[in-house]
Every structure is written in C-alpha cells, then in structure tokens.
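Report on one structure; see the data block that follows.
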Amino acid sequence: MRIGVLDVGSNSAHLQIVELLPGEPPRRIRSVKHPTLLADAITPDGHIRPPAVERLVAAVDATARAAEDEHLDELIAFATASVRDAANREPILARVAAETGIRLGHLSGRDDARLTFLAARVWFGCSAGPMLLMDIGGGTTELAYGDGEEPALALSLPLGAGRLTRAFLPGDPPRPGDVRLLRRFVYE
C-alpha cells in the first residue's frame, strides 16, 4: 500500500509518501515541500491574509499533483495550528478543497502532541522508559510526557519559534533586552 501524508504547517506544506508492506517498516518513497509562510501573514485578529491564502492553495495544489504522480492508495491531509486556529479557517478550507480537490482535516493541539508522542514511542519502544517529547514548530510547541504507550500529559502551547521570534525579536541580531523579555515570557 502506498500512502501520502500532507502536513500543512505555518511554514510549508510537506508531503511524505511511504510504501507499507506487511511485517516491514514503512519505506520512504518521496518527500515534497512547498512554502506557505502562513505565520508571517496572520493579522492581529487571527485572520490569514489573502496573499498567504494564495500561497497555501498553490502549495497544496503542487503537493496534490506530486501525490497523483505517485498513484497513492490513500492521501491523509491535515493542517496544523496556523490554519486550525485562524479566524477565517472555514473559508480557507473550503477554497483549498474547491481549487485542489484536497480536503484538509485538522487536529486539536492535544491530539497533535499525542500523535507525535505515539510516533516517538513506537520508534523508541516502551523499554525506553519515561519520555518527554517537545516538538517546536513555527506557531506552536507540543509537549507530551509519559512512561507508557499513551502520554499522561499532552498539550500544545502558542510558543512556536516563528511566532516568538516575530513577537519578541525584531532585530537581527536580537537586542539583549529583547532576549530577556522573551525568556521571561516563555518562563511565565
């Protein structure tokens, strides 16, 4: 079975194509990534600006064409926090579906953290003992902790690298005072 997973995030639309064979680990076939740069285009009231929606549609369309070329048995497509939390999420999802034929689902932040934990747990196994997972994305950071197959704690925080950089570090290089403010914010 050949499947594709399309992850639409704040920076890119990333398609991973794998082949699944009984009793064998997934075999990576192809990876395709196109920029979305959504995080840079979110208004103070939470809307994604029209030029970024154009990039999103173009990125999903390009990955959809790559998926068609690979003759997939299944394509799983989802959007992460930048689209999930957007004030104009529903019109964006409708437009993506109408123009690309791809219906983007979305996970809650907790489910995002939980599934990332489960993938790491499968990779390392339960014999690895307690595990703390931290997935730093562009818009959010997912944290999950547990010592079993399922995490005891799974959450998503608005502490993504891109989001914090835009909000706290306007200079390049950043000013020491700005770095102190960012550290205090993250700590609190």
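Following the order of the structure tokens, chains are lettered A, B, ..., residues in each are numbered from 1, and ligands are numbered from 1.
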Exercise: A:Val53 partners within 10 Å, only C-alpha atoms, chain neighbours under 3 positions left out, as a VMD selection string: chain A and resid 36 to 38 41 48 to 50 56 to 59 83 92 to 93 95 to 96
Near-stretch 112-120 of chain A list (10 Å; only C-alpha atoms; drop same-chain fewer than 2 positions) as number ranges by chain: A: 80-81, 106-110, 122-125, 131-135, 141-146, 148-157
Determine which residues of stretch 66-180 of chain A DSSP labels as strand (DSSP E) from the backbone of this structure, then write them out as a PDB file with N, CA, C and O atoms, in the first residue's frame.
```pdb
ATOM      1  N   GLU A  74      -3.902   6.035  -0.686  1.00  0.00           N
ATOM      2  CA  GLU A  74      -4.585   6.914   0.256  1.00  0.00           C
ATOM      3  C   GLU A  74      -3.731   8.154   0.496  1.00  0.00           C
ATOM      4  O   GLU A  74      -2.512   8.075   0.571  1.00  0.00           O
ATOM      5  N   LEU A  75      -4.399   9.298   0.623  1.00  0.00           N
ATOM      6  CA  LEU A  75      -3.746  10.552   0.982  1.00  0.00           C
ATOM      7  C   LEU A  75      -4.430  11.088   2.230  1.00  0.00           C
ATOM      8  O   LEU A  75      -5.649  11.273   2.252  1.00  0.00           O
ATOM      9  N   ILE A  76      -3.646  11.302   3.262  1.00  0.00           N
ATOM     10  CA  ILE A  76      -4.137  11.870   4.514  1.00  0.00           C
ATOM     11  C   ILE A  76      -3.595  13.292   4.569  1.00  0.00           C
ATOM     12  O   ILE A  76      -2.382  13.498   4.554  1.00  0.00           O
ATOM     13  N   ALA A  77      -4.489  14.271   4.599  1.00  0.00           N
ATOM     14  CA  ALA A  77      -4.076  15.676   4.564  1.00  0.00           C
ATOM     15  C   ALA A  77      -4.663  16.410   5.757  1.00  0.00           C
ATOM     16  O   ALA A  77      -5.854  16.304   6.044  1.00  0.00           O
ATOM     17  N   PHE A  78      -3.805  17.150   6.452  1.00  0.00           N
ATOM     18  CA  PHE A  78      -4.279  17.912   7.596  1.00  0.00           C
ATOM     19  C   PHE A  78      -3.488  19.200   7.739  1.00  0.00           C
ATOM     20  O   PHE A  78      -2.374  19.325   7.250  1.00  0.00           O
ATOM     21  N   ALA A  79      -4.113  20.158   8.397  1.00  0.00           N
ATOM     22  CA  ALA A  79      -3.491  21.450   8.675  1.00  0.00           C
ATOM     23  C   ALA A  79      -3.230  21.536  10.173  1.00  0.00           C
ATOM     24  O   ALA A  79      -4.014  21.028  10.978  1.00  0.00           O
ATOM     25  N   GLY A 105      -8.053  18.151   6.860  1.00  0.00           N
ATOM     26  CA  GLY A 105      -8.578  17.994   8.208  1.00  0.00           C
ATOM     27  C   GLY A 105      -7.698  18.800   9.153  1.00  0.00           C
ATOM     28  O   GLY A 105      -6.722  19.428   8.725  1.00  0.00           O
ATOM     29  N   HIS A 106      -8.042  18.790  10.408  1.00  0.00           N
ATOM     30  CA  HIS A 106      -7.175  19.433  11.392  1.00  0.00           C
ATOM     31  C   HIS A 106      -7.325  18.716  12.724  1.00  0.00           C
ATOM     32  O   HIS A 106      -8.387  18.188  13.060  1.00  0.00           O
ATOM     33  N   MET A 131       9.299   9.216  28.867  1.00  0.00           N
ATOM     34  CA  MET A 131       9.752  10.003  27.725  1.00  0.00           C
ATOM     35  C   MET A 131       9.056  11.366  27.751  1.00  0.00           C
ATOM     36  O   MET A 131       7.848  11.450  27.964  1.00  0.00           O
ATOM     37  N   LEU A 132       9.852  12.408  27.547  1.00  0.00           N
ATOM     38  CA  LEU A 132       9.331  13.763  27.388  1.00  0.00           C
ATOM     39  C   LEU A 132       9.586  14.173  25.953  1.00  0.00           C
ATOM     40  O   LEU A 132      10.713  14.158  25.485  1.00  0.00           O
ATOM     41  N   LEU A 133       8.510  14.522  25.269  1.00  0.00           N
ATOM     42  CA  LEU A 133       8.610  14.924  23.874  1.00  0.00           C
ATOM     43  C   LEU A 133       8.318  16.414  23.784  1.00  0.00           C
ATOM     44  O   LEU A 133       7.378  16.911  24.406  1.00  0.00           O
ATOM     45  N   MET A 134       9.137  17.134  23.016  1.00  0.00           N
ATOM     46  CA  MET A 134       8.921  18.557  22.778  1.00  0.00           C
ATOM     47  C   MET A 134       9.098  18.793  21.289  1.00  0.00           C
ATOM     48  O   MET A 134      10.171  18.588  20.745  1.00  0.00           O
ATOM     49  N   ASP A 135       8.007  19.187  20.627  1.00  0.00           N
ATOM     50  CA  ASP A 135       8.015  19.419  19.187  1.00  0.00           C
ATOM     51  C   ASP A 135       7.811  20.918  18.957  1.00  0.00           C
ATOM     52  O   ASP A 135       6.700  21.429  19.098  1.00  0.00           O
ATOM     53  N   ILE A 136       8.893  21.611  18.618  1.00  0.00           N
ATOM     54  CA  ILE A 136       8.835  23.059  18.421  1.00  0.00           C
ATOM     55  C   ILE A 136       8.562  23.339  16.955  1.00  0.00           C
ATOM     56  O   ILE A 136       9.375  23.036  16.095  1.00  0.00           O
ATOM     57  N   THR A 141       4.279  24.880  20.144  1.00  0.00           N
ATOM     58  CA  THR A 141       5.168  23.848  20.671  1.00  0.00           C
ATOM     59  C   THR A 141       4.288  22.813  21.342  1.00  0.00           C
ATOM     60  O   THR A 141       3.451  23.152  22.182  1.00  0.00           O
ATOM     61  N   GLU A 142       4.453  21.554  20.947  1.00  0.00           N
ATOM     62  CA  GLU A 142       3.709  20.470  21.566  1.00  0.00           C
ATOM     63  C   GLU A 142       4.593  19.800  22.608  1.00  0.00           C
ATOM     64  O   GLU A 142       5.777  19.567  22.361  1.00  0.00           O
ATOM     65  N   LEU A 143       3.990  19.515  23.757  1.00  0.00           N
ATOM     66  CA  LEU A 143       4.666  18.805  24.834  1.00  0.00           C
ATOM     67  C   LEU A 143       3.859  17.560  25.163  1.00  0.00           C
ATOM     68  O   LEU A 143       2.627  17.614  25.233  1.00  0.00           O
ATOM     69  N   ALA A 144       4.548  16.470  25.369  1.00  0.00           N
ATOM     70  CA  ALA A 144       3.886  15.240  25.788  1.00  0.00           C
ATOM     71  C   ALA A 144       4.843  14.472  26.686  1.00  0.00           C
ATOM     72  O   ALA A 144       6.056  14.457  26.454  1.00  0.00           O
ATOM     73  N   TYR A 145       4.286  13.850  27.708  1.00  0.00           N
ATOM     74  CA  TYR A 145       5.090  13.093  28.653  1.00  0.00           C
ATOM     75  C   TYR A 145       4.337  11.825  29.036  1.00  0.00           C
ATOM     76  O   TYR A 145       3.120  11.823  29.185  1.00  0.00           O
ATOM     77  N   GLY A 146       5.100  10.758  29.221  1.00  0.00           N
ATOM     78  CA  GLY A 146       4.509   9.524  29.718  1.00  0.00           C
ATOM     79  C   GLY A 146       5.530   8.415  29.794  1.00  0.00           C
ATOM     80  O   GLY A 146       6.618   8.513  29.222  1.00  0.00           O
ATOM     81  N   LEU A 153       0.434  13.242  29.748  1.00  0.00           N
ATOM     82  CA  LEU A 153       0.222  14.668  29.520  1.00  0.00           C
ATOM     83  C   LEU A 153       0.485  14.953  28.050  1.00  0.00           C
ATOM     84  O   LEU A 153       1.480  14.494  27.495  1.00  0.00           O
ATOM     85  N   ALA A 154      -0.410  15.688  27.420  1.00  0.00           N
ATOM     86  CA  ALA A 154      -0.216  16.094  26.019  1.00  0.00           C
ATOM     87  C   ALA A 154      -0.869  17.456  25.847  1.00  0.00           C
ATOM     88  O   ALA A 154      -2.059  17.611  26.111  1.00  0.00           O
ATOM     89  N   LEU A 155      -0.074  18.454  25.446  1.00  0.00           N
ATOM     90  CA  LEU A 155      -0.638  19.778  25.253  1.00  0.00           C
ATOM     91  C   LEU A 155       0.119  20.551  24.179  1.00  0.00           C
ATOM     92  O   LEU A 155       1.241  20.215  23.821  1.00  0.00           O
ATOM     93  N   SER A 156      -0.557  21.573  23.693  1.00  0.00           N
ATOM     94  CA  SER A 156       0.002  22.436  22.662  1.00  0.00           C
ATOM     95  C   SER A 156      -0.006  23.857  23.195  1.00  0.00           C
ATOM     96  O   SER A 156      -1.023  24.320  23.716  1.00  0.00           O
ATOM     97  N   LEU A 157       1.109  24.532  23.070  1.00  0.00           N
ATOM     98  CA  LEU A 157       1.244  25.894  23.579  1.00  0.00           C
ATOM     99  C   LEU A 157       1.573  26.847  22.433  1.00  0.00           C
ATOM    100  O   LEU A 157       2.296  26.476  21.510  1.00  0.00           O
TER     101      LEU A 157
END
```
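The gap separating atom CA of A:His47 from atom CA of A:Ala86 is 5.4 Å, in Å to one decimal.
Between atom CA of A:Ile29 and atom CA of A:Ile17 lies a distance of 5.4 Å.
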DSSP helix (DSSP H, G or I) selection over stretch 22-67 of chain A, as an MDAnalysis selection string: chainID A and resid 39:41 50:67
Go ahead and save the residues from that selection, with N, CA, C and O atoms, as a PDB file, in the first residue's frame.
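The file below, part_4.pdb, is the result:
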```pdb
ATOM      1  N   ALA A  39       2.524  31.875   8.902  1.00  0.00           N
ATOM      2  CA  ALA A  39       2.727  32.529  10.190  1.00  0.00           C
ATOM      3  C   ALA A  39       3.041  34.013  10.031  1.00  0.00           C
ATOM      4  O   ALA A  39       2.671  34.816  10.885  1.00  0.00           O
ATOM      5  N   ASP A  40       3.700  34.371   8.958  1.00  0.00           N
ATOM      6  CA  ASP A  40       4.036  35.772   8.730  1.00  0.00           C
ATOM      7  C   ASP A  40       2.832  36.587   8.287  1.00  0.00           C
ATOM      8  O   ASP A  40       2.925  37.803   8.169  1.00  0.00           O
ATOM      9  N   ALA A  41       1.719  35.950   8.019  1.00  0.00           N
ATOM     10  CA  ALA A  41       0.579  36.632   7.411  1.00  0.00           C
ATOM     11  C   ALA A  41      -0.688  36.556   8.253  1.00  0.00           C
ATOM     12  O   ALA A  41      -1.781  36.674   7.729  1.00  0.00           O
ATOM     13  N   PRO A  50      -5.003  37.416   2.512  1.00  0.00           N
ATOM     14  CA  PRO A  50      -5.229  36.819   1.189  1.00  0.00           C
ATOM     15  C   PRO A  50      -3.964  36.357   0.447  1.00  0.00           C
ATOM     16  O   PRO A  50      -3.992  35.263  -0.135  1.00  0.00           O
ATOM     17  N   PRO A  51      -2.852  37.118   0.440  1.00  0.00           N
ATOM     18  CA  PRO A  51      -1.674  36.592  -0.279  1.00  0.00           C
ATOM     19  C   PRO A  51      -1.169  35.259   0.281  1.00  0.00           C
ATOM     20  O   PRO A  51      -0.713  34.395  -0.466  1.00  0.00           O
ATOM     21  N   ALA A  52      -1.299  35.082   1.590  1.00  0.00           N
ATOM     22  CA  ALA A  52      -0.874  33.819   2.199  1.00  0.00           C
ATOM     23  C   ALA A  52      -1.842  32.693   1.852  1.00  0.00           C
ATOM     24  O   ALA A  52      -1.431  31.545   1.680  1.00  0.00           O
ATOM     25  N   VAL A  53      -3.114  33.017   1.739  1.00  0.00           N
ATOM     26  CA  VAL A  53      -4.089  32.006   1.324  1.00  0.00           C
ATOM     27  C   VAL A  53      -3.757  31.549  -0.095  1.00  0.00           C
ATOM     28  O   VAL A  53      -3.826  30.353  -0.405  1.00  0.00           O
ATOM     29  N   GLU A  54      -3.354  32.492  -0.952  1.00  0.00           N
ATOM     30  CA  GLU A  54      -2.920  32.141  -2.325  1.00  0.00           C
ATOM     31  C   GLU A  54      -1.738  31.170  -2.278  1.00  0.00           C
ATOM     32  O   GLU A  54      -1.712  30.174  -3.010  1.00  0.00           O
ATOM     33  N   ARG A  55      -0.738  31.459  -1.421  1.00  0.00           N
ATOM     34  CA  ARG A  55       0.432  30.562  -1.286  1.00  0.00           C
ATOM     35  C   ARG A  55       0.003  29.198  -0.790  1.00  0.00           C
ATOM     36  O   ARG A  55       0.500  28.166  -1.250  1.00  0.00           O
ATOM     37  N   LEU A  56      -0.925  29.188   0.170  1.00  0.00           N
ATOM     38  CA  LEU A  56      -1.414  27.926   0.722  1.00  0.00           C
ATOM     39  C   LEU A  56      -2.073  27.085  -0.364  1.00  0.00           C
ATOM     40  O   LEU A  56      -1.763  25.896  -0.514  1.00  0.00           O
ATOM     41  N   VAL A  57      -2.961  27.684  -1.133  1.00  0.00           N
ATOM     42  CA  VAL A  57      -3.648  26.952  -2.202  1.00  0.00           C
ATOM     43  C   VAL A  57      -2.634  26.439  -3.216  1.00  0.00           C
ATOM     44  O   VAL A  57      -2.693  25.275  -3.639  1.00  0.00           O
ATOM     45  N   ALA A  58      -1.671  27.275  -3.596  1.00  0.00           N
ATOM     46  CA  ALA A  58      -0.649  26.859  -4.567  1.00  0.00           C
ATOM     47  C   ALA A  58       0.201  25.714  -4.015  1.00  0.00           C
ATOM     48  O   ALA A  58       0.521  24.758  -4.741  1.00  0.00           O
ATOM     49  N   ALA A  59       0.558  25.785  -2.733  1.00  0.00           N
ATOM     50  CA  ALA A  59       1.390  24.730  -2.127  1.00  0.00           C
ATOM     51  C   ALA A  59       0.628  23.407  -2.054  1.00  0.00           C
ATOM     52  O   ALA A  59       1.175  22.344  -2.379  1.00  0.00           O
ATOM     53  N   VAL A  60      -0.639  23.464  -1.645  1.00  0.00           N
ATOM     54  CA  VAL A  60      -1.434  22.235  -1.573  1.00  0.00           C
ATOM     55  C   VAL A  60      -1.651  21.676  -2.976  1.00  0.00           C
ATOM     56  O   VAL A  60      -1.562  20.462  -3.193  1.00  0.00           O
ATOM     57  N   ASP A  61      -1.891  22.542  -3.947  1.00  0.00           N
ATOM     58  CA  ASP A  61      -2.085  22.083  -5.322  1.00  0.00           C
ATOM     59  C   ASP A  61      -0.827  21.389  -5.852  1.00  0.00           C
ATOM     60  O   ASP A  61      -0.908  20.325  -6.475  1.00  0.00           O
ATOM     61  N   ALA A  62       0.338  21.970  -5.585  1.00  0.00           N
ATOM     62  CA  ALA A  62       1.590  21.368  -6.060  1.00  0.00           C
ATOM     63  C   ALA A  62       1.831  20.005  -5.407  1.00  0.00           C
ATOM     64  O   ALA A  62       2.250  19.055  -6.077  1.00  0.00           O
ATOM     65  N   THR A  63       1.543  19.902  -4.114  1.00  0.00           N
ATOM     66  CA  THR A  63       1.745  18.602  -3.458  1.00  0.00           C
ATOM     67  C   THR A  63       0.696  17.597  -3.925  1.00  0.00           C
ATOM     68  O   THR A  63       0.987  16.405  -4.035  1.00  0.00           O
ATOM     69  N   ALA A  64      -0.520  18.066  -4.223  1.00  0.00           N
ATOM     70  CA  ALA A  64      -1.559  17.160  -4.742  1.00  0.00           C
ATOM     71  C   ALA A  64      -1.148  16.579  -6.090  1.00  0.00           C
ATOM     72  O   ALA A  64      -1.362  15.390  -6.357  1.00  0.00           O
ATOM     73  N   ARG A  65      -0.535  17.406  -6.935  1.00  0.00           N
ATOM     74  CA  ARG A  65      -0.063  16.898  -8.233  1.00  0.00           C
ATOM     75  C   ARG A  65       1.053  15.883  -8.042  1.00  0.00           C
ATOM     76  O   ARG A  65       1.109  14.866  -8.731  1.00  0.00           O
ATOM     77  N   ALA A  66       1.944  16.127  -7.089  1.00  0.00           N
ATOM     78  CA  ALA A  66       3.012  15.159  -6.799  1.00  0.00           C
ATOM     79  C   ALA A  66       2.415  13.849  -6.295  1.00  0.00           C
ATOM     80  O   ALA A  66       2.880  12.765  -6.665  1.00  0.00           O
ATOM     81  N   ALA A  67       1.373  13.938  -5.480  1.00  0.00           N
ATOM     82  CA  ALA A  67       0.716  12.737  -4.974  1.00  0.00           C
ATOM     83  C   ALA A  67       0.069  11.947  -6.111  1.00  0.00           C
ATOM     84  O   ALA A  67       0.150  10.715  -6.155  1.00  0.00           O
TER      85      ALA A  67
END
```
Distance of atom CA of A:Arg166 from atom CA of A:Val179, expressed in Å to one decimal place: 12.1 Å
